[in-house]
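target05.pdb (PDB, C-alpha atoms (C1' of nucleotides))
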```pdb
ATOM      1  CA  MET A   1       0.000   0.000   0.000
ATOM      2  CA  LYS A   2       3.062   2.228  -0.160
ATOM      3  CA  GLN A   3       2.257   5.348  -2.178
ATOM      4  CA  PRO A   4       4.802   6.701  -4.620
ATOM      5  CA  LEU A   5       6.506   9.896  -3.545
ATOM      6  CA  GLN A   6       5.851  13.106  -5.363
ATOM      7  CA  PRO A   7       7.288  16.569  -4.811
ATOM      8  CA  ALA A   8       5.565  18.969  -2.435
ATOM      9  CA  THR A   9       3.780  21.884  -4.023
ATOM     10  CA  ALA A  10       6.438  24.340  -2.931
ATOM     11  CA  ASP A  11       9.106  22.243  -4.603
ATOM     12  CA  LEU A  12       7.574  22.262  -8.057
ATOM     13  CA  ARG A  13       9.991  23.785 -10.533
ATOM     14  CA  LEU A  14       8.724  25.507 -13.632
ATOM     15  CA  VAL A  15      11.440  24.189 -15.894
ATOM     16  CA  ASP A  16      10.736  20.616 -14.860
ATOM     17  CA  VAL A  17       7.040  21.072 -15.449
ATOM     18  CA  LEU A  18       7.680  22.518 -18.895
ATOM     19  CA  ALA A  19      10.068  19.687 -19.732
ATOM     20  CA  ALA A  20       7.471  17.155 -18.651
ATOM     21  CA  LEU A  21       4.906  18.842 -20.869
ATOM     22  CA  ALA A  22       7.278  19.102 -23.818
ATOM     23  CA  ASP A  23       6.424  15.644 -25.114
ATOM     24  CA  PRO A  24       3.396  14.848 -27.257
ATOM     25  CA  THR A  25       2.527  11.678 -25.383
ATOM     26  CA  ARG A  26       2.737  13.325 -22.006
ATOM     27  CA  VAL A  27       0.933  16.520 -22.809
ATOM     28  CA  ALA A  28      -1.845  14.488 -24.394
ATOM     29  CA  LEU A  29      -2.045  12.444 -21.236
ATOM     30  CA  VAL A  30      -2.282  15.591 -19.150
ATOM     31  CA  ALA A  31      -5.131  16.768 -21.362
ATOM     32  CA  ARG A  32      -6.857  13.443 -20.948
ATOM     33  CA  LEU A  33      -6.551  13.581 -17.189
ATOM     34  CA  ALA A  34      -7.847  17.130 -17.165
ATOM     35  CA  ASP A  35     -10.794  16.033 -19.241
ATOM     36  CA  LEU A  36     -11.703  12.706 -17.725
ATOM     37  CA  GLY A  37     -10.266  12.811 -14.236
ATOM     38  CA  SER A  38      -8.508   9.913 -12.547
ATOM     39  CA  GLN A  39      -7.465   7.069 -14.772
ATOM     40  CA  ASN A  40      -5.614   3.884 -14.139
ATOM     41  CA  CYS A  41      -2.713   2.840 -16.285
ATOM     42  CA  THR A  42      -4.558   0.088 -18.110
ATOM     43  CA  ALA A  43      -7.296   2.419 -19.235
ATOM     44  CA  ILE A  44      -4.761   4.870 -20.538
ATOM     45  CA  ASN A  45      -2.556   2.241 -22.120
ATOM     46  CA  ASN A  46      -5.516   0.815 -24.004
ATOM     47  CA  ASP A  47      -5.875   4.077 -25.895
ATOM     48  CA  VAL A  48      -2.248   4.607 -26.722
ATOM     49  CA  GLU A  49       0.054   2.898 -29.173
ATOM     50  CA  VAL A  50       3.061   2.927 -26.911
ATOM     51  CA  HIS A  51       4.549   0.072 -24.962
ATOM     52  CA  LYS A  52       3.357  -0.101 -21.379
ATOM     53  CA  THR A  53       6.865   0.215 -20.011
ATOM     54  CA  THR A  54       7.322   3.362 -22.022
ATOM     55  CA  MET A  55       4.087   4.678 -20.577
ATOM     56  CA  SER A  56       5.297   3.747 -17.130
ATOM     57  CA  HIS A  57       8.325   5.896 -17.808
ATOM     58  CA  HIS A  58       6.081   8.794 -18.816
ATOM     59  CA  TYR A  59       4.000   8.326 -15.678
ATOM     60  CA  ARG A  60       7.142   8.651 -13.664
ATOM     61  CA  VAL A  61       8.298  11.792 -15.448
ATOM     62  CA  LEU A  62       4.940  13.448 -14.872
ATOM     63  CA  ARG A  63       4.810  12.359 -11.260
ATOM     64  CA  GLU A  64       8.341  13.481 -10.437
ATOM     65  CA  ALA A  65       7.788  16.827 -12.115
ATOM     66  CA  GLY A  66       4.767  17.215  -9.867
ATOM     67  CA  LEU A  67       2.149  17.171 -12.576
ATOM     68  CA  THR A  68       0.387  14.060 -11.429
ATOM     69  CA  GLU A  69      -0.401  12.234  -8.273
ATOM     70  CA  THR A  70      -0.491   8.478  -8.143
ATOM     71  CA  THR A  71      -2.613   6.529  -5.746
ATOM     72  CA  VAL A  72      -2.169   2.822  -5.305
ATOM     73  CA  ARG A  73      -5.447   0.948  -4.972
ATOM     74  CA  GLY A  74      -4.967  -2.756  -4.816
ATOM     75  CA  ARG A  75      -2.873  -3.651  -7.775
ATOM     76  CA  GLU A  76      -3.913  -0.612  -9.737
ATOM     77  CA  ARG A  77      -2.346   2.809  -9.888
ATOM     78  CA  TRP A  78      -4.757   5.667 -10.285
ATOM     79  CA  ILE A  79      -3.267   8.754 -11.797
ATOM     80  CA  ASP A  80      -4.674  12.223 -11.357
ATOM     81  CA  LEU A  81      -3.643  15.694 -12.377
ATOM     82  CA  ARG A  82      -2.479  17.896  -9.491
ATOM     83  CA  ARG A  83      -4.568  20.693 -10.843
ATOM     84  CA  ALA A  84      -4.956  22.693  -7.651
ATOM     85  CA  ASP A  85      -1.269  22.509  -6.769
ATOM     86  CA  LEU A  86      -0.260  23.486 -10.268
ATOM     87  CA  ASP A  87      -2.680  26.381 -10.374
ATOM     88  CA  GLU A  88      -1.392  27.613  -7.069
ATOM     89  CA  ARG A  89       2.243  27.434  -8.065
ATOM     90  CA  PHE A  90       1.942  28.334 -11.759
ATOM     91  CA  PRO A  91      -1.285  30.279 -12.182
ATOM     92  CA  GLY A  92      -2.765  29.970 -15.630
ATOM     93  CA  LEU A  93      -0.131  27.670 -16.999
ATOM     94  CA  ILE A  94      -2.121  24.479 -17.251
ATOM     95  CA  ASP A  95      -5.145  26.354 -18.529
ATOM     96  CA  ALA A  96      -3.050  27.914 -21.255
ATOM     97  CA  VAL A  97      -1.540  24.610 -22.265
ATOM     98  CA  LEU A  98      -4.906  22.896 -22.396
ATOM     99  CA  THR A  99      -6.458  25.746 -24.335
ATOM    100  CA  SER A 100      -3.631  25.691 -26.834
ATOM    101  CA  LEU A 101      -4.042  21.972 -27.301
ATOM    102  CA  GLU A 102      -7.762  22.212 -27.883
ATOM    103  CA  ALA A 103      -7.404  25.093 -30.296
ATOM    104  CA  PRO A 104      -7.807  23.851 -33.840
ATOM    105  CA  PRO A 105      -4.443  23.713 -35.565
ATOM    106  CA  PRO A 106      -4.904  26.542 -38.053
ATOM    107  CA  THR A 107      -5.841  25.123 -41.417
ATOM    108  CA  GLY A 108      -4.016  27.603 -43.604
ATOM    109  CA  GLN A 109      -0.518  26.176 -43.516
ATOM    110  CA  SER A 110       2.221  28.551 -44.494
ATOM    111  CA  GLN A 111       5.820  27.765 -45.345
ATOM    112  CA  SER A 112       7.868  26.456 -42.480
ATOM    113  CA  SER A 113      11.200  27.672 -41.260
ATOM    114  CA  GLY A 114      14.532  26.794 -42.691
ATOM    115  CA  SER A 115      17.788  25.955 -40.878
TER     116      SER A 115
ATOM    117  CA  MET B   1      21.156  41.765 -44.914
ATOM    118  CA  LYS B   2      19.533  38.347 -45.244
ATOM    119  CA  GLN B   3      17.150  37.807 -42.366
ATOM    120  CA  PRO B   4      17.015  34.421 -40.643
ATOM    121  CA  LEU B   5      13.875  32.430 -41.311
ATOM    122  CA  GLN B   6      11.419  31.780 -38.556
ATOM    123  CA  PRO B   7       8.178  29.805 -38.560
ATOM    124  CA  ALA B   8       4.946  31.530 -39.456
ATOM    125  CA  THR B   9       2.514  32.095 -36.632
ATOM    126  CA  ALA B  10       0.203  29.358 -37.838
ATOM    127  CA  ASP B  11       3.053  26.875 -37.808
ATOM    128  CA  LEU B  12       4.003  27.327 -34.177
ATOM    129  CA  ARG B  13       3.713  24.038 -32.341
ATOM    130  CA  LEU B  14       2.971  23.953 -28.645
ATOM    131  CA  VAL B  15       5.303  21.097 -27.893
ATOM    132  CA  ASP B  16       8.199  22.856 -29.575
ATOM    133  CA  VAL B  17       7.492  26.034 -27.655
ATOM    134  CA  LEU B  18       7.365  24.140 -24.386
ATOM    135  CA  ALA B  19      10.600  22.332 -25.213
ATOM    136  CA  ALA B  20      12.271  25.619 -26.013
ATOM    137  CA  LEU B  21      11.107  27.022 -22.686
ATOM    138  CA  ALA B  22      12.164  23.934 -20.753
ATOM    139  CA  ASP B  23      15.701  25.136 -20.264
ATOM    140  CA  PRO B  24      16.790  27.553 -17.537
ATOM    141  CA  THR B  25      19.009  29.606 -19.810
ATOM    142  CA  ARG B  26      16.367  29.984 -22.479
ATOM    143  CA  VAL B  27      13.430  30.731 -20.244
ATOM    144  CA  ALA B  28      15.518  33.341 -18.446
ATOM    145  CA  LEU B  29      16.334  34.861 -21.785
ATOM    146  CA  VAL B  30      12.672  34.968 -22.716
ATOM    147  CA  ALA B  31      11.962  36.741 -19.453
ATOM    148  CA  ARG B  32      14.708  39.204 -20.175
ATOM    149  CA  LEU B  33      13.354  39.953 -23.616
ATOM    150  CA  ALA B  34       9.872  40.370 -22.220
ATOM    151  CA  ASP B  35      11.219  42.777 -19.669
ATOM    152  CA  LEU B  36      13.716  44.817 -21.640
ATOM    153  CA  GLY B  37      12.635  44.408 -25.237
ATOM    154  CA  SER B  38      15.015  43.882 -28.129
ATOM    155  CA  GLN B  39      18.540  42.940 -27.276
ATOM    156  CA  ASN B  40      21.550  42.115 -29.337
ATOM    157  CA  CYS B  41      23.603  39.038 -28.674
ATOM    158  CA  THR B  42      26.549  40.847 -27.173
ATOM    159  CA  ALA B  43      24.394  42.581 -24.596
ATOM    160  CA  ILE B  44      22.866  39.287 -23.596
ATOM    161  CA  ASN B  45      26.115  37.380 -23.627
ATOM    162  CA  ASN B  46      27.713  39.936 -21.330
ATOM    163  CA  ASP B  47      25.247  39.031 -18.619
ATOM    164  CA  VAL B  48      25.463  35.295 -18.931
ATOM    165  CA  GLU B  49      28.196  32.861 -17.979
ATOM    166  CA  VAL B  50      27.740  30.692 -21.010
ATOM    167  CA  HIS B  51      29.947  30.427 -24.037
ATOM    168  CA  LYS B  52      28.804  32.563 -26.928
ATOM    169  CA  THR B  53      28.494  29.574 -29.249
ATOM    170  CA  THR B  54      26.249  27.923 -26.716
ATOM    171  CA  MET B  55      24.159  31.057 -26.582
ATOM    172  CA  SER B  56      24.037  31.109 -30.346
ATOM    173  CA  HIS B  57      22.612  27.609 -30.173
ATOM    174  CA  HIS B  58      19.969  28.767 -27.692
ATOM    175  CA  TYR B  59      19.104  31.710 -29.938
ATOM    176  CA  ARG B  60      18.507  29.289 -32.727
ATOM    177  CA  VAL B  61      16.313  26.974 -30.654
ATOM    178  CA  LEU B  62      14.161  29.903 -29.569
ATOM    179  CA  ARG B  63      13.956  31.285 -33.076
ATOM    180  CA  GLU B  64      13.082  27.972 -34.706
ATOM    181  CA  ALA B  65      10.445  27.250 -32.099
ATOM    182  CA  GLY B  66       8.953  30.615 -32.996
ATOM    183  CA  LEU B  67       9.569  32.306 -29.679
ATOM    184  CA  THR B  68      11.864  34.976 -30.980
ATOM    185  CA  GLU B  69      12.442  37.010 -34.061
ATOM    186  CA  THR B  70      15.890  37.984 -35.194
ATOM    187  CA  THR B  71      16.668  41.075 -37.166
ATOM    188  CA  VAL B  72      20.044  41.622 -38.732
ATOM    189  CA  ARG B  73      21.299  45.185 -38.428
ATOM    190  CA  GLY B  74      24.783  45.605 -39.742
ATOM    191  CA  ARG B  75      26.824  42.951 -38.059
ATOM    192  CA  GLU B  76      24.522  42.741 -35.105
ATOM    193  CA  ARG B  77      21.539  40.493 -34.562
ATOM    194  CA  TRP B  78      18.701  41.990 -32.592
ATOM    195  CA  ILE B  79      16.500  39.478 -30.889
ATOM    196  CA  ASP B  80      12.939  40.129 -29.859
ATOM    197  CA  LEU B  81      10.161  38.101 -28.333
ATOM    198  CA  ARG B  82       7.278  37.310 -30.720
ATOM    199  CA  ARG B  83       4.861  38.255 -28.013
ATOM    200  CA  ALA B  84       1.869  39.051 -30.206
ATOM    201  CA  ASP B  85       2.216  35.914 -32.297
ATOM    202  CA  LEU B  86       2.597  33.752 -29.231
ATOM    203  CA  ASP B  87      -0.376  35.319 -27.512
ATOM    204  CA  GLU B  88      -2.472  34.761 -30.581
ATOM    205  CA  ARG B  89      -1.498  31.153 -30.967
ATOM    206  CA  PHE B  90      -1.164  30.167 -27.298
ATOM    207  CA  PRO B  91      -3.239  32.627 -25.284
ATOM    208  CA  GLY B  92      -2.000  33.110 -21.755
ATOM    209  CA  LEU B  93       0.954  30.789 -22.051
ATOM    210  CA  ILE B  94       3.767  33.316 -22.034
ATOM    211  CA  ASP B  95       2.044  35.343 -19.352
ATOM    212  CA  ALA B  96       1.770  32.286 -17.170
ATOM    213  CA  VAL B  97       5.389  31.342 -17.683
ATOM    214  CA  LEU B  98       6.596  34.853 -16.915
ATOM    215  CA  THR B  99       4.382  35.105 -13.867
ATOM    216  CA  SER B 100       5.634  31.782 -12.583
ATOM    217  CA  LEU B 101       9.208  32.878 -13.049
ATOM    218  CA  GLU B 102       8.686  36.136 -11.235
ATOM    219  CA  ALA B 103       6.856  34.494  -8.371
ATOM    220  CA  PRO B 104       9.207  34.191  -5.406
ATOM    221  CA  PRO B 105      10.345  30.606  -5.032
ATOM    222  CA  PRO B 106       8.521  29.722  -1.819
ATOM    223  CA  THR B 107      10.903  30.036   1.083
ATOM    224  CA  GLY B 108       9.595  27.215   3.199
ATOM    225  CA  GLN B 109      11.302  24.271   1.537
ATOM    226  CA  SER B 110       9.759  20.904   2.204
ATOM    227  CA  GLN B 111      11.252  17.517   1.618
ATOM    228  CA  SER B 112      11.783  16.684  -1.976
ATOM    229  CA  SER B 113      10.682  13.590  -3.765
ATOM    230  CA  GLY B 114      12.607  10.435  -4.156
ATOM    231  CA  SER B 115      12.744   8.245  -7.207
TER     232      SER B 115
ATOM    233  C1'  DT C   1      42.803  46.911 -48.096
ATOM    234  C1'  DC C   2      43.166  44.751 -43.900
ATOM    235  C1'  DA C   3      42.378  44.141 -38.991
ATOM    236  C1'  DT C   4      38.654  43.786 -35.947
ATOM    237  C1'  DA C   5      34.064  42.897 -34.187
ATOM    238  C1'  DA C   6      29.572  40.184 -34.134
ATOM    239  C1'  DG C   7      27.664  36.010 -34.581
ATOM    240  C1'  DT C   8      27.108  31.492 -36.803
ATOM    241  C1'  DT C   9      28.538  26.934 -38.221
ATOM    242  C1'  DT C  10      30.919  22.660 -37.711
ATOM    243  C1'  DG C  11      32.867  19.126 -34.940
ATOM    244  C1'  DA C  12      33.603  16.556 -30.788
ATOM    245  C1'  DT C  13      32.210  15.164 -26.306
ATOM    246  C1'  DT C  14      29.208  14.081 -22.906
ATOM    247  C1'  DG C  15      24.797  13.346 -21.147
ATOM    248  C1'  DT C  16      19.904  12.576 -21.410
ATOM    249  C1'  DC C  17      15.538  10.870 -23.696
ATOM    250  C1'  DG C  18      12.249   7.811 -25.771
ATOM    251  C1'  DC C  19      11.637   3.363 -26.834
ATOM    252  C1'  DC C  20      11.282  -1.689 -26.221
ATOM    253  C1'  DC C  21      12.450  -6.318 -24.027
ATOM    254  C1'  DA C  22      13.007  -9.173 -20.158
ATOM    255  C1'  DA C  23      12.651  -9.766 -15.485
ATOM    256  C1'  DC C  24      10.742  -8.362 -11.317
ATOM    257  C1'  DT C  25       7.237  -6.991  -7.397
ATOM    258  C1'  DA C  26       2.884  -6.890  -5.572
ATOM    259  C1'  DT C  27      -1.914  -7.931  -5.425
ATOM    260  C1'  DC C  28      -5.989 -10.539  -6.225
ATOM    261  C1'  DC C  29      -8.463 -14.773  -6.470
ATOM    262  C1'  DA C  30      -9.510 -19.668  -7.057
TER     263       DA C  30
ATOM    264  C1'  DT D   1      -0.305 -22.258  -2.968
ATOM    265  C1'  DG D   2      -0.203 -21.140  -7.617
ATOM    266  C1'  DG D   3      -1.712 -18.606 -11.587
ATOM    267  C1'  DA D   4      -3.118 -14.410 -13.496
ATOM    268  C1'  DT D   5      -3.215  -9.329 -13.435
ATOM    269  C1'  DA D   6      -1.184  -4.469 -12.863
ATOM    270  C1'  DG D   7       2.479  -2.050 -13.165
ATOM    271  C1'  DT D   8       7.624  -0.946 -12.255
ATOM    272  C1'  DT D   9      12.588  -1.545 -12.836
ATOM    273  C1'  DG D  10      16.879  -2.314 -15.215
ATOM    274  C1'  DG D  11      19.345  -2.888 -19.500
ATOM    275  C1'  DG D  12      20.401  -1.659 -24.066
ATOM    276  C1'  DC D  13      20.014   1.015 -28.211
ATOM    277  C1'  DG D  14      19.580   4.867 -31.349
ATOM    278  C1'  DA D  15      18.500   9.681 -31.466
ATOM    279  C1'  DC D  16      18.810  14.013 -29.784
ATOM    280  C1'  DA D  17      20.487  18.010 -26.651
ATOM    281  C1'  DA D  18      23.890  21.012 -24.133
ATOM    282  C1'  DT D  19      28.364  22.463 -23.984
ATOM    283  C1'  DC D  20      32.849  24.348 -25.625
ATOM    284  C1'  DA D  21      36.621  25.118 -29.118
ATOM    285  C1'  DA D  22      38.126  26.339 -33.582
ATOM    286  C1'  DA D  23      37.166  27.988 -37.958
ATOM    287  C1'  DC D  24      34.234  30.638 -40.775
ATOM    288  C1'  DT D  25      31.198  34.748 -42.691
ATOM    289  C1'  DT D  26      29.895  39.282 -43.000
ATOM    290  C1'  DA D  27      30.131  44.112 -41.928
ATOM    291  C1'  DT D  28      32.585  48.090 -39.967
ATOM    292  C1'  DG D  29      36.053  51.408 -40.150
ATOM    293  C1'  DA D  30      40.805  53.082 -40.026
TER     294       DA D  30
END
```
Can you turn what I pasted into structure tokens?
Amino acid sequence: MKQPLQPATADLRLVDVLAALADPTRVALVARLADLGSQNCTAINNDVEVHKTTMSHHYRVLREAGLTETTVRGRERWIDLRRADLDERFPGLIDAVLTSLEAPPPTGQSQSSGS
Amino acid sequence: MKQPLQPATADLRLVDVLAALADPTRVALVARLADLGSQNCTAINNDVEVHKTTMSHHYRVLREAGLTETTVRGRERWIDLRRADLDERFPGLIDAVLTSLEAPPPTGQSQSSGS
DNA sequence: TCATAAGTTTGATTGTCGCCCAACTATCCA
DNA sequence: TGGATAGTTGGGCGACAATCAAACTTATGA
């Protein structure tokens, strides 16, 4: 029944949070948690085309950055977004990220950058 | 007088922006640009204990992610934050990052997480 | 024209990341 | 007790990132 450790709210570091979010798999997972609430790993893994050990790695990155909280229930881990802690420490950040994700990727593509 | 290419506003990708911000040197530079406006490389480099080629690399990462705009004037490069473009594409994101940076790191340290 | 200044590019090194496989731990249940 | 389920850990691999040094490009100006 030992719960995994996660950083205290005061210890959350912006750069770590940004690094944790700077991955498509992880930021999508954060959006999913924000949308659907607590999920266990199996439910998430079922919807993702990534090996479960890779997902376990992503769960750890998110947890250690302080983005998620993991609760052990029996043999399941339930993962939840630490929304209140994040909003307290980094006001508006998660909202902005989620909004930007939901925003339709503008249809009119222009030329991309060079070197 | 050739100006370096940078992505169009519509092409900015959230994950790239987050990755560009997920580095202490770069996010500090973004904060500096937000605070002081355009800067040339020499001015920035004078205040940083990082090799100028390393800084040049960071300038490129920020530029290619769409965070900054570089204007060549003579033999100087003037770097500016693409604040309006970023706010249009990712509303609230830069504000939240800057606010979180300015916020005093809470003094009452608690125990940090383990692995 | 030629030295100097401002930055970038290339190369090398070192470290980290994302991924998967295999093995492991822990829990449930029959 | 033994098998199945849920998830983590450690190892290995290829790709990428951060850093510095040396060489290069372009513009200034004496």
Tell me which protein, DNA and RNA residues are within 9 Å of segment 34-44 of chain A, counting all atoms listed in the file, leaving out same-chain ones fewer than 5 positions away, and put them as a count of residues only. 15
May I ask which of the residues B:Val50, B:Ala10, B:Val72, B:Leu5 is the closest one to chain C, counting all atoms listed in the file?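 Comparing B:Val50, B:Ala10, B:Val72, B:Leu5 against chain C, the winner is B:Val72.
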For the structure provided, state which residues fall under the PyMOL selection byres ((chain D and resi 22) around 12), and present them as a list in words. Thr53 of chain B; DT9, DT10, DG11 and DA12 of chain C; DC20, DA21, DA23 and DC24 of chain D
Set the cut-off to 8 Å and count all atoms listed in the file: what are the residues of chain D that reach chain B? Output as a list in words. DA18, DT19, DC20, DT26, DA27 and DT28 of chain D
Would you kindly report the residues of chain C within 9 Å of chain A, using only C-alpha atoms (C1' of nucleotides), as number ranges by chain? C: 18-20, 26-28
Starting from the displayed file, determine the output of the PyMOL selection byres ((chain B) within 6 of (chain A)) and express the residue list as a ChimeraX atom specification. /B:5-7,10,15,18-19,22,90,92-93,96,100,106,112-113
Atoms kept (C-alpha atoms) for selection, written as an mmCIF file, in the frame of the given file:
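The file below, selection36.cif, is the result:
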```
data_model
loop_
_atom_site.group_PDB
_atom_site.id
_atom_site.type_symbol
_atom_site.label_atom_id
_atom_site.label_comp_id
_atom_site.auth_asym_id
_atom_site.auth_seq_id
_atom_site.Cartn_x
_atom_site.Cartn_y
_atom_site.Cartn_z
ATOM 1 C CA LEU B 5 13.875 32.430 -41.311
ATOM 2 C CA GLN B 6 11.419 31.780 -38.556
ATOM 3 C CA PRO B 7 8.178 29.805 -38.560
ATOM 4 C CA ALA B 10 0.203 29.358 -37.838
ATOM 5 C CA VAL B 15 5.303 21.097 -27.893
ATOM 6 C CA LEU B 18 7.365 24.140 -24.386
ATOM 7 C CA ALA B 19 10.600 22.332 -25.213
ATOM 8 C CA ALA B 22 12.164 23.934 -20.753
ATOM 9 C CA PHE B 90 -1.164 30.167 -27.298
ATOM 10 C CA GLY B 92 -2.000 33.110 -21.755
ATOM 11 C CA LEU B 93 0.954 30.789 -22.051
ATOM 12 C CA ALA B 96 1.770 32.286 -17.170
ATOM 13 C CA SER B 100 5.634 31.782 -12.583
ATOM 14 C CA PRO B 106 8.521 29.722 -1.819
ATOM 15 C CA SER B 112 11.783 16.684 -1.976
ATOM 16 C CA SER B 113 10.682 13.590 -3.765
#
```
Would you mind reading off the distance between atom CA of Glu49 of chain B and atom CA of Arg32 of chain B, one decimal, in Å? 15.1 Å
Compute the distance from (18.0, 10.4, -30.9) to each atom, counting all atoms listed in the file, keep the residues with any atom at most 12 Å away, and return them as a tab-separated table (two decimals) with C-alpha atoms (C1' of nucleotides), in the frame of the given file; use the coordinates of the file.
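Final output, result-v7.tsv:
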```
chain	number	residue	atom	x	y	z
C	16	DT	C1'	19.90	12.58	-21.41
C	17	DC	C1'	15.54	10.87	-23.70
C	18	DG	C1'	12.25	7.81	-25.77
C	19	DC	C1'	11.64	3.36	-26.83
D	13	DC	C1'	20.01	1.01	-28.21
D	14	DG	C1'	19.58	4.87	-31.35
D	15	DA	C1'	18.50	9.68	-31.47
D	16	DC	C1'	18.81	14.01	-29.78
D	17	DA	C1'	20.49	18.01	-26.65
```
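Here atom C1' of DA30 of chain D is placed at a distance of 22.2 Å from atom C1' of DG7 of chain C.
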